[in-house]
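Listing of work.cif, mmCIF, C-alpha atoms
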```cif
data_protein
loop_
_atom_site.label_atom_id
_atom_site.label_comp_id
_atom_site.auth_asym_id
_atom_site.auth_seq_id
_atom_site.Cartn_x
_atom_site.Cartn_y
_atom_site.Cartn_z
CA MET A 1 -10.12 -14.86 -18.56
CA LYS A 2 -8.75 -16.54 -15.45
CA SER A 3 -5.50 -17.39 -17.22
CA LEU A 4 -5.14 -13.77 -18.38
CA LEU A 5 -5.82 -12.52 -14.88
CA ALA A 6 -3.39 -15.01 -13.42
CA SER A 7 -0.74 -13.99 -15.92
CA ALA A 8 -1.28 -10.32 -15.14
CA LEU A 9 -1.06 -11.05 -11.43
CA LEU A 10 2.11 -13.04 -11.91
CA ILE A 11 3.70 -10.26 -13.97
CA SER A 12 2.62 -7.66 -11.40
CA THR A 13 4.02 -9.72 -8.54
CA THR A 14 7.29 -10.33 -10.39
CA MET A 15 7.68 -6.62 -11.20
CA SER A 16 6.96 -5.65 -7.60
CA ALA A 17 9.52 -8.14 -6.35
CA SER A 18 12.11 -6.80 -8.77
CA VAL A 19 11.47 -3.20 -7.74
CA PHE A 20 11.52 -4.15 -4.07
CA ALA A 21 14.80 -6.03 -4.53
CA ALA A 22 16.42 -3.08 -6.29
CA GLU A 23 15.25 -0.67 -3.61
CA THR A 24 16.47 -3.02 -0.90
CA ASP A 25 19.86 -3.30 -2.57
CA MET A 26 20.14 0.49 -2.82
CA ASN A 27 19.10 0.91 0.80
CA SER A 28 21.71 -1.63 1.81
CA LEU A 29 24.36 0.16 -0.21
CA VAL A 30 23.48 3.52 1.31
CA GLU A 31 23.57 2.14 4.85
CA ALA A 32 26.90 0.40 4.24
CA ALA A 33 28.37 3.57 2.72
CA LYS A 34 27.17 5.67 5.66
CA LYS A 35 28.91 3.29 8.06
CA GLU A 36 32.17 3.73 6.16
CA GLY A 37 31.62 7.48 6.37
CA ALA A 38 34.19 8.63 3.82
CA VAL A 39 35.38 8.25 0.25
CA TYR A 40 38.94 8.96 -0.86
CA SER A 41 39.52 9.74 -4.52
CA VAL A 42 42.45 10.30 -6.86
CA GLY A 43 42.36 12.44 -9.99
CA MET A 44 38.97 13.93 -9.09
CA PRO A 45 39.78 17.44 -7.77
CA ASP A 46 37.08 20.04 -7.14
CA SER A 47 38.01 22.12 -10.20
CA TRP A 48 37.88 19.23 -12.70
CA ALA A 49 34.43 18.76 -14.32
CA ASN A 50 32.81 20.30 -11.21
CA TRP A 51 33.51 17.31 -8.97
CA LYS A 52 33.13 19.66 -6.00
CA ASP A 53 29.32 19.71 -6.30
CA THR A 54 29.13 15.92 -6.36
CA TRP A 55 31.36 15.60 -3.29
CA ALA A 56 29.25 18.27 -1.54
CA ASP A 57 26.03 16.39 -2.43
CA LEU A 58 27.43 13.08 -1.16
CA ASN A 59 28.34 14.79 2.09
CA ALA A 60 24.98 16.55 2.46
CA ASN A 61 22.86 13.52 1.51
CA TYR A 62 24.84 10.66 3.02
CA GLY A 63 27.35 12.21 5.42
CA LEU A 64 30.36 11.06 3.39
CA GLU A 65 33.57 12.96 4.05
CA HIS A 66 35.86 13.34 1.05
CA GLN A 67 39.47 13.98 0.20
CA ASP A 68 41.18 13.95 -3.22
CA THR A 69 44.78 13.65 -4.35
CA ASP A 70 45.15 14.94 -7.89
CA MET A 71 47.26 12.84 -10.24
CA SER A 72 47.38 11.57 -13.81
CA SER A 73 45.58 8.46 -15.09
CA ALA A 74 48.78 6.41 -15.18
CA GLN A 75 49.68 7.48 -11.65
CA GLU A 76 46.25 6.48 -10.35
CA ILE A 77 46.56 2.95 -11.70
CA ALA A 78 50.14 2.66 -10.43
CA LYS A 79 49.01 3.80 -6.98
CA PHE A 80 46.22 1.20 -6.81
CA ALA A 81 48.67 -1.51 -7.90
CA ALA A 82 51.46 -0.49 -5.53
CA GLU A 83 49.38 -0.05 -2.38
CA LYS A 84 47.15 -3.11 -2.80
CA LYS A 85 45.62 -3.95 0.61
CA ASN A 86 47.21 -0.85 2.12
CA ALA A 87 44.96 1.25 -0.12
CA THR A 88 44.62 4.95 0.64
CA ALA A 89 42.25 5.60 -2.29
CA ASP A 90 38.81 4.17 -3.05
CA ILE A 91 37.96 5.58 -6.47
CA GLY A 92 39.67 7.33 -9.38
CA ASP A 93 38.85 8.95 -12.70
CA VAL A 94 40.95 7.91 -15.71
CA GLY A 95 40.97 8.60 -19.42
CA PHE A 96 39.29 6.17 -21.80
CA ALA A 97 42.59 4.73 -23.04
CA PHE A 98 43.53 3.79 -19.47
CA ALA A 99 40.29 1.98 -18.59
CA ASN A 100 41.25 -1.46 -19.89
CA VAL A 101 44.81 -0.96 -18.65
CA ALA A 102 43.42 -0.74 -15.13
CA VAL A 103 41.31 -3.86 -15.62
CA LYS A 104 44.27 -5.83 -17.00
CA LYS A 105 46.36 -4.72 -14.01
CA GLY A 106 43.73 -6.31 -11.77
CA VAL A 107 43.16 -3.20 -9.65
CA THR A 108 39.43 -2.61 -10.28
CA GLN A 109 36.17 -4.01 -8.96
CA PRO A 110 32.87 -3.92 -10.86
CA TYR A 111 29.74 -1.98 -9.99
CA LYS A 112 26.84 -1.24 -12.32
CA PRO A 113 24.74 1.76 -11.22
CA THR A 114 20.95 1.58 -11.53
CA THR A 115 21.10 3.79 -14.65
CA TRP A 116 23.37 1.26 -16.38
CA SER A 117 20.98 0.62 -19.29
CA GLU A 118 21.06 4.34 -20.18
CA ILE A 119 24.82 4.33 -20.72
CA PRO A 120 25.77 3.61 -24.37
CA GLU A 121 27.29 0.18 -24.96
CA TRP A 122 30.51 1.66 -26.38
CA ALA A 123 31.00 3.68 -23.20
CA LYS A 124 31.01 0.86 -20.64
CA ASP A 125 32.67 -2.41 -19.71
CA LYS A 126 30.26 -5.34 -19.93
CA GLU A 127 31.30 -6.54 -16.46
CA GLY A 128 30.91 -3.10 -14.89
CA HIS A 129 34.58 -2.39 -14.19
CA TRP A 130 34.34 0.99 -15.90
CA ALA A 131 31.87 3.32 -17.59
CA LEU A 132 32.39 6.76 -19.06
CA ALA A 133 30.50 9.38 -17.06
CA TYR A 134 31.21 12.30 -19.38
CA THR A 135 32.96 13.27 -22.58
CA GLY A 136 35.33 16.07 -23.48
CA THR A 137 36.84 17.48 -26.67
CA ILE A 138 40.38 18.80 -27.00
CA ALA A 139 40.37 22.61 -27.17
CA PHE A 140 42.70 25.62 -27.09
CA ILE A 141 42.59 28.23 -24.32
CA SER A 142 44.44 31.46 -25.04
CA ASN A 143 45.47 34.31 -22.76
CA ASN A 144 44.15 37.37 -24.60
CA ASN A 145 46.64 39.62 -22.83
CA LEU A 146 49.54 37.62 -24.27
CA VAL A 147 48.11 36.38 -27.58
CA LYS A 148 46.74 38.89 -30.11
CA ASN A 149 45.13 36.33 -32.43
CA PRO A 150 43.86 33.29 -30.50
CA PRO A 151 44.48 30.10 -32.51
CA LYS A 152 41.52 28.34 -34.08
CA THR A 153 43.44 25.58 -35.90
CA TRP A 154 46.50 23.44 -35.29
CA ASN A 155 48.16 25.23 -38.19
CA ASP A 156 47.68 28.50 -36.29
CA LEU A 157 49.90 27.07 -33.55
CA LEU A 158 52.75 26.60 -36.04
CA THR A 159 52.43 30.05 -37.56
CA GLY A 160 51.87 31.90 -34.28
CA ASP A 161 54.54 33.52 -32.15
CA TYR A 162 53.42 32.20 -28.77
CA LYS A 163 54.29 29.32 -26.46
CA VAL A 164 52.00 26.27 -26.36
CA SER A 165 51.59 24.08 -23.25
CA LEU A 166 50.31 20.49 -23.31
CA GLY A 167 51.17 18.94 -19.99
CA ASP A 168 52.69 15.54 -19.26
CA VAL A 169 52.51 13.63 -22.56
CA GLY A 170 52.77 9.90 -21.98
CA SER A 171 51.28 10.02 -18.50
CA ALA A 172 48.22 12.28 -18.52
CA ALA A 173 45.19 11.29 -20.60
CA GLN A 174 44.48 14.94 -21.42
CA ALA A 175 47.96 15.45 -22.90
CA ASN A 176 47.86 12.13 -24.76
CA ASN A 177 44.54 13.08 -26.33
CA ALA A 178 46.00 16.44 -27.35
CA VAL A 179 48.53 14.46 -29.39
CA LEU A 180 45.75 12.28 -30.85
CA ALA A 181 43.74 15.39 -31.78
CA ALA A 182 46.75 16.79 -33.64
CA ALA A 183 47.11 13.45 -35.41
CA PHE A 184 43.49 13.58 -36.62
CA ALA A 185 44.06 17.13 -37.89
CA ASN A 186 47.21 16.17 -39.78
CA GLY A 187 46.16 12.98 -41.53
CA GLY A 188 46.83 10.46 -38.75
CA ASP A 189 44.59 8.56 -36.37
CA GLU A 190 44.72 6.30 -33.31
CA THR A 191 46.76 3.77 -35.29
CA ASN A 192 49.25 6.38 -36.54
CA LEU A 193 50.45 9.23 -34.31
CA GLN A 194 53.46 10.03 -36.50
CA PRO A 195 51.88 13.15 -38.11
CA ALA A 196 51.31 14.57 -34.62
CA ILE A 197 54.85 13.71 -33.47
CA GLU A 198 56.23 15.52 -36.51
CA PHE A 199 53.91 18.47 -35.86
CA PHE A 200 55.05 18.93 -32.27
CA ALA A 201 58.69 18.41 -33.23
CA LYS A 202 58.34 21.39 -35.61
CA LEU A 203 56.68 23.41 -32.85
CA ALA A 204 59.55 22.56 -30.49
CA GLU A 205 62.19 23.40 -33.10
CA LYS A 206 60.60 26.85 -33.46
CA GLY A 207 60.95 27.30 -29.71
CA ASN A 208 57.17 27.45 -29.27
CA LEU A 209 56.55 24.29 -27.23
CA SER A 210 56.41 25.11 -23.53
CA LEU A 211 57.00 22.61 -20.73
CA THR A 212 55.05 24.77 -18.26
CA ASP A 213 52.28 22.75 -16.65
CA PRO A 214 48.93 24.12 -17.95
CA SER A 215 47.42 23.98 -14.46
CA ALA A 216 44.68 26.36 -13.40
CA ALA A 217 47.13 28.16 -11.13
CA ASN A 218 49.68 28.72 -13.90
CA ILE A 219 46.96 29.82 -16.33
CA GLU A 220 45.61 32.33 -13.82
CA LYS A 221 49.10 33.71 -13.09
CA GLY A 222 49.67 34.36 -16.79
CA GLU A 223 52.45 31.80 -17.12
CA VAL A 224 50.64 30.02 -19.97
CA GLU A 225 50.06 31.72 -23.32
CA VAL A 226 48.14 28.93 -25.08
CA ALA A 227 47.21 25.58 -23.54
CA VAL A 228 45.74 22.47 -25.11
CA LEU A 229 43.11 21.15 -22.71
CA TRP A 230 39.80 19.33 -22.58
CA ASP A 231 37.02 21.80 -23.37
CA PHE A 232 35.54 21.40 -19.88
CA ASN A 233 38.82 22.44 -18.26
CA ALA A 234 39.39 25.28 -20.72
CA LEU A 235 35.86 26.67 -20.28
CA ASN A 236 36.07 26.36 -16.51
CA ASN A 237 39.30 28.38 -16.49
CA ARG A 238 37.82 30.95 -18.89
CA ASP A 239 34.80 31.63 -16.71
CA LYS A 240 36.72 31.47 -13.44
CA PHE A 241 39.46 33.89 -14.49
CA GLY A 242 37.50 36.13 -16.87
CA ARG A 243 36.00 35.83 -20.34
CA ASP A 244 37.75 39.07 -21.26
CA ARG A 245 41.12 37.52 -20.39
CA PHE A 246 40.73 34.13 -22.04
CA SER A 247 39.38 32.68 -25.29
CA VAL A 248 38.44 29.04 -25.91
CA ASN A 249 38.24 27.42 -29.35
CA ILE A 250 37.87 23.87 -30.65
CA PRO A 251 40.55 23.38 -33.36
CA GLN A 252 38.60 23.55 -36.61
CA ASP A 253 41.01 21.39 -38.62
CA GLY A 254 40.33 18.43 -36.35
CA SER A 255 40.03 17.34 -32.73
CA VAL A 256 39.21 14.28 -30.67
CA ILE A 257 36.19 13.62 -28.47
CA SER A 258 36.73 11.09 -25.72
CA GLY A 259 35.75 10.53 -22.13
CA TYR A 260 36.67 9.66 -18.57
CA THR A 261 35.63 6.74 -16.45
CA THR A 262 35.56 6.10 -12.75
CA ILE A 263 37.48 3.06 -11.55
CA ILE A 264 36.76 1.60 -8.13
CA ASN A 265 39.85 0.30 -6.37
CA LYS A 266 39.74 -3.48 -5.95
CA PHE A 267 41.43 -2.99 -2.58
CA ALA A 268 39.32 0.00 -1.44
CA LYS A 269 38.89 0.47 2.32
CA ASN A 270 35.54 2.16 1.62
CA PRO A 271 34.15 0.12 -1.30
CA ASN A 272 30.49 0.86 -0.57
CA ALA A 273 31.12 4.60 -0.41
CA ALA A 274 32.96 4.32 -3.74
CA LYS A 275 30.04 2.43 -5.29
CA LEU A 276 27.57 4.97 -3.95
CA ALA A 277 29.73 7.73 -5.44
CA ARG A 278 29.55 6.03 -8.84
CA GLU A 279 25.79 5.57 -8.41
CA TYR A 280 25.39 9.30 -7.75
CA ILE A 281 27.70 10.33 -10.60
CA PHE A 282 25.40 8.51 -13.06
CA SER A 283 22.20 9.84 -11.52
CA ASP A 284 20.36 12.79 -13.10
CA LYS A 285 21.78 15.20 -10.52
CA GLY A 286 25.30 13.80 -10.85
CA GLN A 287 25.19 14.18 -14.61
CA VAL A 288 23.94 17.77 -14.30
CA ASN A 289 26.80 18.47 -11.88
CA LEU A 290 29.29 17.36 -14.54
CA ALA A 291 27.60 19.52 -17.17
CA ALA A 292 27.78 22.49 -14.80
CA GLY A 293 31.53 21.85 -14.92
CA TYR A 294 31.41 22.04 -18.75
CA ALA A 295 31.69 18.28 -19.27
CA ARG A 296 29.12 16.69 -21.58
CA PRO A 297 27.15 13.97 -19.70
CA ILE A 298 27.19 10.45 -21.13
CA ARG A 299 23.46 10.03 -20.44
CA THR A 300 21.83 12.02 -23.22
CA ASN A 301 18.33 11.70 -21.73
CA VAL A 302 19.20 14.01 -18.82
CA GLU A 303 17.59 17.43 -19.18
CA LEU A 304 20.07 20.23 -18.51
CA PRO A 305 18.96 23.55 -17.00
CA GLN A 306 19.21 26.45 -19.44
CA ALA A 307 21.85 28.15 -17.29
CA VAL A 308 24.03 25.04 -17.63
CA GLN A 309 23.46 24.80 -21.39
CA ASP A 310 24.55 28.43 -21.75
CA LYS A 311 27.97 27.63 -20.30
CA LEU A 312 28.89 25.30 -23.15
CA LEU A 313 30.35 26.12 -26.58
CA SER A 314 28.02 26.17 -29.59
CA ASN A 315 27.53 22.90 -31.46
CA GLU A 316 29.01 24.52 -34.59
CA GLN A 317 32.45 24.37 -33.00
CA TYR A 318 32.22 20.57 -32.87
CA GLN A 319 31.73 19.87 -36.58
CA ASN A 320 35.19 18.33 -37.08
CA VAL A 321 35.72 16.23 -33.96
CA HIS A 322 36.52 12.52 -34.11
CA PRO A 323 35.74 9.77 -31.61
CA VAL A 324 38.24 6.97 -31.13
CA ALA A 325 37.20 4.21 -33.52
CA ASP A 326 39.83 1.60 -32.66
CA PHE A 327 40.34 1.43 -28.90
CA ALA A 328 42.84 -1.44 -29.03
CA ALA A 329 45.00 0.52 -31.48
CA TRP A 330 44.77 3.70 -29.37
CA GLU A 331 45.76 1.78 -26.24
CA LYS A 332 48.77 0.37 -28.10
CA SER A 333 49.75 3.79 -29.49
CA ALA A 334 49.39 5.42 -26.06
CA ARG A 335 51.82 2.87 -24.58
CA LYS A 336 54.45 3.80 -27.18
CA LEU A 337 53.88 7.54 -26.86
CA PRO A 338 56.18 8.33 -23.87
CA ARG A 339 59.29 7.07 -25.67
CA GLN A 340 58.28 8.63 -29.01
CA TRP A 341 57.70 11.98 -27.31
CA GLN A 342 61.02 11.85 -25.49
CA GLU A 343 63.07 10.83 -28.52
CA ASN A 344 61.40 12.92 -31.21
CA VAL A 345 59.90 16.00 -29.54
CA LEU A 346 61.51 16.85 -26.21
CA ILE A 347 65.01 16.75 -27.69
CA HIS A 348 64.04 19.83 -29.74
CA VAL A 349 62.60 21.90 -26.88
CA LYS A 350 64.48 25.19 -26.50
#
```

So that I can check it, write out the structure of this file as structure tokens.
Amino acid sequence: MKSLLASALLISTTMSASVFAAETDMNSLVEAAKKEGAVYSVGMPDSWANWKDTWADLNANYGLEHQDTDMSSAQEIAKFAAEKKNATADIGDVGFAFANVAVKKGVTQPYKPTTWSEIPEWAKDKEGHWALAYTGTIAFISNNNLVKNPPKTWNDLLTGDYKVSLGDVGSAAQANNAVLAAAFANGGDETNLQPAIEFFAKLAEKGNLSLTDPSAANIEKGEVEVAVLWDFNALNNRDKFGRDRFSVNIPQDGSVISGYTTIINKFAKNPNAAKLAREYIFSDKGQVNLAAGYARPIRTNVELPQAVQDKLLSNEQYQNVHPVADFAAWEKSARKLPRQWQENVLIHVK
């Protein structure tokens, strides 16, 4: 009986010490972040996946000021590498294919939030250099005033008489994944983007590939007829500018589901504020904030308010979406994509 009691006491003491240590570490992090007083991000603008609510919460709860400079995944990594100890950014948000690129460049520092065990193994780096906070699926957004029959498949894009905007292929993760989605729909995959290259070459030859940036501003102004975007960006634009004006559809002949990860700058001037930002992003409230911006949280055990659930597309639209199965192959294909796009697609743009 004594040995059982002693064991129970030992376990209880050990657990208490562990909890106390964790709380102490969090308290230390919060205090250190408050002293820094600010967090500077890249590629995390207010309109993308509802980052604005997370920045507002960090300001309200911890007094952190915030400023973002929007840029592509490749530009974020290049900025971290170029500035080094003269860093003007603390944290960024990059596409899945760019996560290991950043680590290999030596521009990241690890931090595992307290909810680390609730993040799927496939969605995080074992050392804590990156972890996907949310996922997105490539979708079409159509301006109903300019497009009579909104496309529901990639084949619809070829047969339609409207211009299609993708963005900066080769540099932006969203545009790269649009190409991968087209590959999945046309018999290719992350190891073989050729079917997608041929598809977009045909679209360009028809005069239907637009080089207009599918930014929220251009979409609102009516300068984009159809854009290929992450579902969370497409749905955000739809609701912001009017459901009567815009339609959103997941391509039913195939799409890709992927995600985005925060990377903390190895040379950050405000490293504790950046770590606290990651901590909050993976908290219940941070995950709900992302869902309110139409992004699907990586932590599936977070309960979403009904109003947030109602903003998302029905599950039926996601029956033919494909996750990346071979990340090494996708990373290799993404590196080759800029030249392939230039030599095989852009030369046909009219």

Requested in this report: Go through A:His348, A:His322, A:Lys266, A:Arg339 one by one, measure the shortest atom-to-atom distance of each to A:Phe200 using all atoms listed in the file, and give the residue with the smallest value.
Outcome: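 Closest candidate: A:His348.
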
Query raised in the report: What does the distance from atom CA of A:Phe282 to atom CA of A:Lys84 come to in Å, to one decimal?
Result: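 If I compute the distance from atom CA of A:Phe282 to atom CA of A:Lys84, I get 26.7 Å.
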
Query - Spatial neighbours of A:Val256, max dist 10 Å, only C-alpha atoms, sep filter under 2 positions, as a ChimeraX atom specification - result: /A:136-139,177-185,189,230,250-251,254,258-259,318,320-324

Per-residue nearest contacts stretch 158-257 of chain A to stretch 92-98 of chain A, cut-off 9 Å, using all atoms listed in the file, as CSV:
```
residue,atom,partner,partner_atom,distance
A:Ala172,CA,A:Gly95,CA,8.2
A:Ala173,CA,A:Gly95,CA,5.1
A:Gln174,CA,A:Gly95,CA,7.5
A:Asn177,CA,A:Gly95,CA,9.0
```

Query raised in the report: When distances are computed from all atoms listed in the file, which of A:Asn237, A:Trp341, A:Ser47, A:Asn145 shows the smallest separation from A:Leu166?
Result: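 Of A:Asn237, A:Trp341, A:Ser47, A:Asn145, the one nearest A:Leu166 is A:Trp341, counting all atoms listed in the file.
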
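For the atom pair formed by atom CA of A:Val169 and atom CA of A:Leu337, the distance is 7.6 Å, given to one decimal.
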
Query raised in the report: Using only C-alpha atoms, which of the listed residues (A:Asn155, A:Asn265, A:Thr300, A:Asn59) sits closest to A:Val42?
Result: A:Asn265

Query raised in the report: Hey, which of A:Lys332, A:Lys240, A:Lys202, A:Arg296 ends up closest to A:Ala133? Count all atoms listed in the file.
Result: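 Checking each of A:Lys332, A:Lys240, A:Lys202, A:Arg296 against A:Ala133, counting all atoms listed in the file, the winner is A:Arg296.
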
Requested in this report: Identify which of the residues A:Asn61, A:Gln306, A:Asn27, A:Ser165 lies closest to A:Asn208, counting only C-alpha atoms when measuring atom-to-atom distances.
Outcome: A:Ser165

Report summary line: Of A:Asn176, A:Ser171, A:Gln317, A:Thr153, the one sitting nearest A:Ile197 when using all atoms listed in the file is A:Asn176

Query - Selection near A:Leu313, 10 Å with only C-alpha atoms, sequence-local residues under 4 positions removed, as a PyMOL selection string - result: chain A and resi 231-232+235+248-250+294+309+317-318

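Atom CA of A:Ile91 lies 26.4 Å from atom CA of A:Val308.
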
Kindly list the centre and edge lengths in Å, rounded to one decimal, for the axis-aligned box that covers all listed atoms of stretch 322-335 of chain A plus 5 Å on each of its six sides, as lines of an AutoDock Vina configuration file.
```
center_x = 43.8
center_y = 5.5
center_z = -29.3
size_x = 26.1
size_y = 24.0
size_z = 19.5
```

Query - Surrounding residues of A:Tyr111 excluding itself and chain neighbours under 4 positions, 7 Å, all atoms listed in the file, as a count of residues only - result: 3

Requested in this report: Give me the result of the PyMOL selection byres ((chain A and resi 345) around 8) on this file, residue by residue, as a ChimeraX atom specification.
Outcome: /A:197-198,200-201,204,340-344,346-349
